[in-house]
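Next up, my_file_14.txt (compact mmCIF, C-alpha atoms):
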# COMPACT_ATOMS: atom_id res chain seq x y z
CA MET X 343 108.37 108.91 80.14
CA ILE X 344 110.18 106.08 78.39
CA SER X 345 108.22 104.45 75.58
CA PRO X 346 107.01 100.83 75.94
CA GLN X 347 108.93 99.95 72.77
CA LEU X 348 112.22 101.32 74.11
CA GLY X 349 111.51 99.77 77.49
CA ARG X 350 111.25 96.34 75.93
CA GLN X 351 114.57 96.88 74.10
CA LEU X 352 116.29 97.96 77.30
CA ASN X 353 114.84 95.33 79.59
CA PRO X 354 114.62 91.62 78.71
CA CYS X 355 112.44 91.03 81.77
CA VAL X 356 108.77 90.44 81.05
CA SER X 357 106.35 91.88 83.59
CA GLU X 358 102.95 90.35 84.10
CA ALA X 359 100.69 93.26 83.25
CA ARG X 360 102.02 95.81 80.81
CA PRO X 361 103.11 93.44 77.99
CA LEU X 362 99.93 91.45 78.51
CA SER X 363 97.66 94.42 77.93
CA GLU X 364 99.81 95.57 75.02
CA SER X 365 99.54 92.11 73.47
CA LEU X 366 95.77 92.22 73.80
CA GLY X 367 95.84 95.39 71.74
CA HIS X 368 97.74 93.55 69.01
CA TRP X 369 95.37 90.57 69.18
CA ALA X 370 92.46 92.89 68.46
CA GLN X 371 93.66 92.87 64.85
CA TYR X 372 92.70 89.19 64.57
CA SER X 373 89.28 87.60 64.31
CA GLU X 374 90.16 84.91 66.85
CA PHE X 375 92.19 84.88 70.06
CA GLY X 376 94.59 82.16 71.09
CA ILE X 377 95.52 81.91 74.74
CA PRO X 378 96.92 78.46 75.48
CA PRO X 379 97.20 77.75 79.21
CA ARG X 380 100.02 75.60 80.52
CA LYS X 381 97.62 72.65 80.29
CA PRO X 382 95.28 72.75 77.25
CA MET X 383 91.67 73.48 78.11
CA ARG X 384 89.18 70.99 76.78
CA HIS X 385 86.62 72.60 74.42
CA SER X 386 88.42 75.92 74.75
CA PRO X 387 87.10 78.67 72.46
CA LEU X 388 90.67 79.81 71.90
CA ASN X 389 93.14 78.61 69.30
CA SER X 390 96.93 78.54 69.39
CA ASN X 391 98.29 82.04 68.90
CA PRO X 392 102.01 82.62 68.20
CA LEU X 393 102.07 85.67 70.49
CA LEU X 394 100.92 83.64 73.47
CA ILE X 395 103.09 80.63 72.67
CA ILE X 396 106.11 82.95 72.61
CA SER X 397 105.03 84.56 75.90
CA LEU X 398 104.54 81.22 77.62
CA THR X 399 107.96 79.97 76.61
CA SER X 400 109.97 83.20 76.75
CA ARG X 401 110.64 83.41 80.50
CA PRO X 402 110.51 79.95 82.10
CA THR X 403 111.94 81.13 85.42
CA ALA X 404 109.53 84.02 86.05
CA VAL X 405 106.21 82.85 87.45
CA ASN X 406 104.26 86.13 87.26
CA LEU X 407 103.87 85.89 83.49
CA PHE X 408 102.27 82.44 83.83
CA TRP X 409 100.07 83.73 86.63
CA ALA X 410 98.72 86.54 84.45
CA LEU X 411 98.25 84.38 81.37
CA ASP X 412 96.48 81.72 83.44
CA ARG X 413 94.18 84.41 84.78
CA ILE X 414 93.37 85.63 81.27
CA SER X 415 92.82 82.04 80.15
CA ARG X 416 90.35 81.44 82.97
CA THR X 417 88.51 84.63 82.07
CA ALA X 418 88.27 83.47 78.46
CA GLU X 419 86.99 80.06 79.51
CA GLU X 420 84.37 81.60 81.80
CA ASN X 421 83.16 83.77 78.91
CA ARG X 422 83.40 81.14 76.17
CA CYS X 423 79.86 81.80 74.99
CA LEU X 424 80.57 85.41 74.00
CA GLN X 425 81.09 86.52 70.46
CA ILE X 426 84.63 87.57 69.52
CA PRO X 427 84.06 91.36 69.78
CA GLU X 428 82.55 90.94 73.25
CA LEU X 429 85.30 88.55 74.31
CA LYS X 430 87.89 91.12 73.28
CA GLU X 431 86.33 93.69 75.56
CA VAL X 432 86.15 91.27 78.49
CA LEU X 433 89.79 90.23 78.11
CA LEU X 434 90.98 93.80 77.74
CA ALA X 435 89.07 94.78 80.88
CA GLU X 436 90.69 91.91 82.78
CA ALA X 437 94.15 92.97 81.59
CA LEU X 438 93.52 96.53 82.69
CA GLU X 439 92.35 95.22 86.07
CA ILE X 440 95.64 93.33 86.40
CA ILE X 441 97.50 96.58 85.74
CA ALA X 442 95.48 98.42 88.39
CA GLU X 443 96.11 95.63 90.91
CA ASP X 444 99.81 95.61 90.06
CA LYS X 445 100.07 99.33 90.71
CA ALA X 446 98.41 98.91 94.10
CA MET X 447 100.70 95.97 94.96
CA CYS X 448 103.80 97.99 94.06
CA ARG X 449 102.75 100.84 96.33
CA ALA X 450 101.92 98.46 99.20
CA ILE X 451 105.29 96.70 98.89
CA GLY X 452 106.95 100.10 99.09
CA GLN X 453 105.02 101.09 102.20
CA HIS X 454 105.81 97.85 104.03
CA GLY X 455 109.44 97.83 102.98
CA MET X 456 110.35 101.39 103.81
CA ALA X 457 109.74 100.61 107.49
CA LEU X 458 112.92 98.50 107.31
CA LEU X 459 115.04 101.50 106.32
CA ASN X 460 116.65 103.94 108.70
CA GLU X 461 117.59 107.54 108.03
CA ASN X 462 120.77 107.80 105.91
CA ASP X 463 120.79 104.09 105.03
CA THR X 464 122.58 103.04 101.87
CA ILE X 465 121.00 100.17 99.96
CA LEU X 466 122.61 97.83 97.47
CA THR X 467 120.37 96.51 94.71
CA HIS X 468 120.89 94.15 91.79
CA CYS X 469 119.29 94.09 88.33
CA ASN X 470 116.10 96.11 87.75
CA ALA X 471 112.96 95.77 89.82
CA GLY X 472 111.35 99.12 89.17
CA GLY X 473 108.70 100.69 87.00
CA LEU X 474 110.26 99.38 83.80
CA ALA X 475 109.64 95.82 84.98
CA THR X 476 106.15 96.32 86.43
CA SER X 477 103.19 98.67 86.06
CA ASP X 478 104.21 101.30 88.59
CA TYR X 479 106.81 101.67 91.38
CA GLY X 480 108.24 98.20 90.95
CA THR X 481 109.14 95.89 93.82
CA ALA X 482 112.65 96.43 95.19
CA LEU X 483 112.72 99.99 93.88
CA ALA X 484 109.26 100.61 95.33
CA VAL X 485 110.84 100.48 98.78
CA MET X 486 113.35 103.15 97.77
CA PHE X 487 110.80 105.33 95.98
CA SER X 488 108.46 105.16 98.98
CA ALA X 489 111.19 105.98 101.48
CA HIS X 490 112.39 108.90 99.36
CA LYS X 491 108.85 110.24 98.96
CA ALA X 492 108.36 109.99 102.73
CA GLY X 493 111.38 112.22 103.23
CA LYS X 494 113.93 109.62 104.33
CA GLN X 495 117.49 110.40 103.28
CA ILE X 496 118.75 107.28 101.53
CA GLN X 497 121.46 106.39 99.06
CA VAL X 498 121.63 103.46 96.65
CA TYR X 499 124.46 101.45 95.13
CA ALA X 500 123.35 99.68 91.95
CA ASP X 501 125.21 96.68 90.56
CA GLU X 502 125.66 96.99 86.80
CA THR X 503 124.28 93.42 86.50
CA ARG X 504 126.17 91.60 83.79
CA PRO X 505 125.85 90.57 81.06
CA LEU X 506 122.88 92.74 79.97
CA LEU X 507 123.56 95.60 82.40
CA GLN X 508 119.99 96.11 83.59
CA GLY X 509 121.30 97.79 86.73
CA ALA X 510 123.45 100.22 84.77
CA ARG X 511 120.96 100.97 82.01
CA LEU X 512 117.63 100.82 83.85
CA THR X 513 117.92 101.00 87.64
CA THR X 514 120.27 103.98 87.72
CA TRP X 515 118.04 105.81 85.22
CA GLU X 516 114.90 105.23 87.27
CA LEU X 517 116.52 106.30 90.53
CA MET X 518 118.04 109.40 88.96
CA GLN X 519 114.67 110.34 87.50
CA ALA X 520 113.22 110.12 91.02
CA GLY X 521 115.99 112.29 92.47
CA ILE X 522 117.49 109.47 94.56
CA ASP X 523 121.25 109.49 95.18
CA VAL X 524 122.52 106.47 93.22
CA THR X 525 126.05 105.18 92.60
CA LEU X 526 126.77 102.60 89.91
CA ILE X 527 129.29 99.83 90.63
CA CYS X 528 130.54 96.79 88.74
CA ASP X 529 129.17 93.50 90.04
CA ASN X 530 132.57 92.45 91.35
CA MET X 531 132.80 95.56 93.55
CA ALA X 532 129.94 94.58 95.88
CA ALA X 533 132.17 92.86 98.41
CA GLN X 534 134.47 95.85 98.62
CA VAL X 535 131.73 98.42 99.28
CA MET X 536 130.30 96.11 101.94
CA LYS X 537 133.71 95.72 103.56
CA GLU X 538 134.10 99.50 103.59
CA GLY X 539 130.85 99.77 105.57
CA LYS X 540 129.02 101.65 102.85
CA ILE X 541 126.00 99.29 102.71
CA GLN X 542 123.34 98.93 105.42
CA CYS X 543 121.05 96.50 103.58
CA VAL X 544 120.43 94.75 100.27
CA ILE X 545 117.03 94.85 98.53
CA VAL X 546 116.36 92.84 95.38
CA GLY X 547 113.33 91.68 93.44
CA ALA X 548 112.36 88.12 92.57
CA ASP X 549 111.18 86.17 89.55
CA ARG X 550 109.93 83.15 91.50
CA ILE X 551 109.87 82.19 95.18
CA ALA X 552 109.44 78.56 96.19
CA ALA X 553 107.26 77.52 99.15
CA ASN X 554 110.30 77.33 101.44
CA GLY X 555 111.50 80.85 100.58
CA ASP X 556 114.23 79.91 98.10
CA THR X 557 114.29 82.81 95.66
CA ALA X 558 115.12 82.95 91.95
CA ASN X 559 116.30 86.30 90.67
CA LYS X 560 118.69 87.71 88.09
CA ILE X 561 122.02 85.94 87.87
CA GLY X 562 124.43 87.35 90.45
CA THR X 563 121.82 87.76 93.18
CA TYR X 564 123.07 84.64 94.96
CA ASN X 565 126.57 86.11 94.98
CA VAL X 566 125.25 89.26 96.64
CA ALA X 567 123.33 87.24 99.24
CA ILE X 568 126.47 85.31 100.20
CA LEU X 569 128.42 88.55 100.51
CA ALA X 570 125.69 90.13 102.62
CA GLU X 571 125.71 87.13 104.97
CA ALA X 572 129.50 87.31 105.27
CA HIS X 573 129.35 90.99 106.23
CA GLY X 574 126.32 90.78 108.54
CA ILE X 575 124.12 92.86 106.24
CA PRO X 576 120.34 92.22 105.96
CA PHE X 577 119.27 90.76 102.61
CA TYR X 578 115.67 91.57 101.69
CA VAL X 579 113.58 90.26 98.80
CA ALA X 580 110.68 92.40 97.57
CA ALA X 581 107.98 90.69 95.50
CA PRO X 582 104.19 90.44 95.21
CA THR X 583 102.46 87.29 96.45
CA SER X 584 101.83 86.35 92.80
CA THR X 585 105.57 85.55 92.66
CA LEU X 586 105.15 82.84 95.31
CA ASP X 587 104.98 79.39 93.73
CA PHE X 588 103.64 77.00 96.35
CA ALA X 589 103.66 74.17 93.82
CA LEU X 590 107.45 74.06 94.24
CA GLU X 591 108.74 72.91 97.61
CA THR X 592 112.25 74.26 97.10
CA GLY X 593 114.25 76.35 94.70
CA ALA X 594 115.84 73.23 93.24
CA GLU X 595 112.63 72.81 91.23
CA ILE X 596 112.74 76.26 89.64
CA PRO X 597 113.63 76.08 85.93
CA ILE X 598 116.55 78.31 85.01
CA GLU X 599 116.53 80.06 81.67
CA GLN X 600 119.69 79.77 79.60
CA ARG X 601 120.72 82.75 77.48
CA ALA X 602 122.56 83.06 74.18
CA ALA X 603 126.36 82.94 74.21
CA GLU X 604 126.54 86.18 72.25
CA GLU X 605 125.23 88.12 75.24
CA VAL X 606 128.51 87.29 76.97
CA THR X 607 130.99 87.21 74.10
CA LYS X 608 129.54 89.99 71.96
CA GLY X 609 127.47 92.11 74.30
CA PHE X 610 125.90 95.13 72.58
CA GLY X 611 127.70 94.23 69.35
CA LYS X 612 131.30 94.41 70.54
CA LEU X 613 133.36 91.21 70.53
CA THR X 614 135.01 90.77 73.97
CA ALA X 615 136.03 87.08 73.84
CA PRO X 616 137.64 84.75 71.31
CA GLU X 617 135.33 83.52 68.56
CA GLY X 618 134.09 80.01 69.29
CA VAL X 619 134.77 79.98 73.04
CA LYS X 620 132.29 77.89 75.03
CA VAL X 621 129.86 79.91 77.17
CA TYR X 622 127.59 79.00 80.07
CA SER X 623 125.06 81.76 80.68
CA PRO X 624 122.15 81.08 83.06
CA ALA X 625 119.90 84.13 83.31
CA PHE X 626 118.95 83.49 86.93
CA ASP X 627 120.24 81.90 90.12
CA VAL X 628 118.49 80.74 93.27
CA THR X 629 119.27 82.22 96.66
CA PRO X 630 118.64 79.75 99.51
CA ALA X 631 116.02 80.89 102.02
CA ALA X 632 118.63 80.69 104.78
CA LEU X 633 120.31 83.76 103.29
CA VAL X 634 117.09 85.80 103.05
CA THR X 635 116.47 88.08 106.03
CA ALA X 636 112.86 88.83 105.06
CA ILE X 637 110.48 88.80 102.10
CA ILE X 638 108.54 92.02 101.54
CA THR X 639 105.12 91.59 99.89
CA GLU X 640 102.03 93.72 99.39
CA LYS X 641 100.43 91.88 102.32
CA GLY X 642 103.26 92.40 104.75
CA ILE X 643 106.72 91.13 105.63
CA ALA X 644 107.49 87.45 106.06
CA ARG X 645 110.45 86.06 107.96
CA ALA X 646 111.68 82.52 108.58
CA PRO X 647 110.34 79.88 108.85
CA TYR X 648 109.10 80.74 105.35
CA THR X 649 107.17 77.54 104.62
CA GLU X 650 104.82 78.42 107.46
CA ASN X 651 104.86 82.20 107.29
CA LEU X 652 104.50 82.58 103.52
CA ASN X 653 101.45 80.34 103.63
CA ALA X 654 99.96 82.46 106.40
CA LEU X 655 100.70 85.63 104.44
CA ARG X 656 99.09 84.26 101.29
CA ASP X 657 95.93 83.36 103.18
CA SER X 658 95.72 86.64 105.09
Please render this file's structure as structure tokens.
Amino acid sequence: MISPQLGRQLNPCVSEARPLSESLGHWAQYSEFGIPPRKPMRHSPLNSNPLLIISLTSRPTAVNLFWALDRISRTAEENRCLQIPELKEVLLAEALEIIAEDKAMCRAIGQHGMALLNENDTILTHCNAGGLATSDYGTALAVMFSAHKAGKQIQVYADETRPLLQGARLTTWELMQAGIDVTLICDNMAAQVMKEGKIQCVIVGADRIAANGDTANKIGTYNVAILAEAHGIPFYVAAPTSTLDFALETGAEIPIEQRAAEEVTKGFGKLTAPEGVKVYSPAFDVTPAALVTAIITEKGIARAPYTENLNALRDS
């Protein structure tokens, strides 16, 4: 099994549960906790802690991290009268509960999603939405793991996912470990394999989904959605309901993280562009709901109209 430390080096994505529980272990070294919510709590027993400040500002596009930290903050507020040692135990228990829930959600997403796959289907996926980004099966990869475990013969094409190559470094590794037939392609080859009839559907994860179904995911996902639409291929998004952000009406309101120029010009330490060239490097893009065939969650599968059906799914 890959170590958490190596996993963090390989994958810049921050999942909601594993890093949170790990951080709690680090916080146990301190006499006081600091868990600032997005809006400061009046009379909070918690002080500002650099670990949490970094977490809250590290991934502005991904909503699951905020969801988990808000949940921990509420737990702390509800137990404000406890002494520090007792509070540590309560917060650790809550973090472990989040992990358990995340595992169950991953498995449920896989079970719902595999019903969309036919025997001998080949799936295209982008970035990494597997066990290295969650607590268990993942989201998009959960569908593939579940189908494979159920005995369905499937194949997967994985985009390398520039510039950090999460698809090449993480997704292919996870699928190979599971014994799933996976082929790695460069991002700019997706259209060609679709044209050749090699792809029956696309399944990706999500970092945030607006109320209308607009979906933020790793940069390049929007490209894949457009290509899938052009070739008549279903485009599925797999994500837990905690990724739904009903406070945002559309994807235009989703903040997009900007990454360092060096990730493009000097990826993995090798200079591949002229020194001093200007770089624009958004980490995510937003796929319009009109391009999304269905959204697979732990509660079931939602289809358009998403504003209505996602609300119904959340409340089910």
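Going from CA of Ile638 (chain X) over to CA of Leu474 (chain X), you cover 19.3 Å.
When CA of Thr635 (chain X) is paired with CA of Ala580 (chain X), their separation reads 11.1 Å.
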Neighbouring residues of Asp463 (chain X) were defined as those with any atom within 10 Å, considering only C-alpha atoms; residues of the same chain fewer than 6 positions away were excluded. Please report them as a ChimeraX atom specification. /X:494-498,540-543
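Between Ser415 (chain X) and the residues X:Val432, X:Leu517, X:Leu507, X:Leu652, the shortest atom-to-atom distance, using all atoms listed in the file, involves X:Val432.
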As a check of understanding: the span from CA of Ala567 (chain X) to CA of Ile598 (chain X) is 18.1 Å
Quick one: residues within 7 Å of region 556-566 of chain X, only C-alpha atoms counted, chain neighbours fewer than 3 positions away excluded, as a list in words? His468, Cys469, Gly547, Ala548, Asp549, Arg550, Ile551, Ala552, Leu569, Ala570, Thr592, Gly593, Pro624, Ala625, Phe626, Asp627, Val628, Thr629, Pro630 and Ala631 of chain X
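Using all atoms listed in the file for every distance, the candidate list X:Gly539, X:Pro505, X:Pro647, X:Gly452 yields X:Pro505 as the residue closest to Ser623 (chain X).
Here the question is which of X:Ile527, X:Leu506, X:Ile568, X:Ile451 gets nearest to Thr607 (chain X) using only C-alpha atoms, and that residue is X:Leu506.
With all atoms listed in the file as the atoms that count, the minimum distance from Tyr648 (chain X) to the choices X:Glu591, X:Glu538, X:Glu439, X:Glu617 is reached by X:Glu591.
Proximity of X:Thr614, X:Gln453, X:Gln534, X:Thr467 to Ala484 (chain X), computed with all atoms listed in the file, is greatest for X:Gln453.
The shortest atom-to-atom distance to Val546 (chain X), with all atoms listed in the file taken into account, belongs to X:Leu466 out of X:Ala533, X:Ala654, X:Leu466, X:Ala489.
For Lys445 (chain X), the non-local neighbours within 9 Å, defined as residues at least 5 positions apart in the same chain or in other chains and counting all atoms listed in the file, are Ile440, Ala450, Thr476, Ser477, Asp478, Tyr479 and Gly480 of chain X.
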Residue contacts of Ala510 (chain X) (8 Å, all atoms listed in the file) excluding same-chain residues fewer than 3 positions away, as a PDB file with C-alpha atoms, keeping the file's coordinate frame:
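So part-v3.pdb came out as:
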ATOM      1  CA  ALA X 500     123.350  99.680  91.950  1.00  0.00           C
ATOM      2  CA  ASP X 501     125.210  96.680  90.560  1.00  0.00           C
ATOM      3  CA  GLU X 502     125.660  96.990  86.800  1.00  0.00           C
ATOM      4  CA  THR X 503     124.280  93.420  86.500  1.00  0.00           C
ATOM      5  CA  LEU X 507     123.560  95.600  82.400  1.00  0.00           C
ATOM      6  CA  THR X 513     117.920 101.000  87.640  1.00  0.00           C
ATOM      7  CA  THR X 514     120.270 103.980  87.720  1.00  0.00           C
ATOM      8  CA  TRP X 515     118.040 105.810  85.220  1.00  0.00           C
ATOM      9  CA  LEU X 526     126.770 102.600  89.910  1.00  0.00           C
TER      10      LEU X 526
END
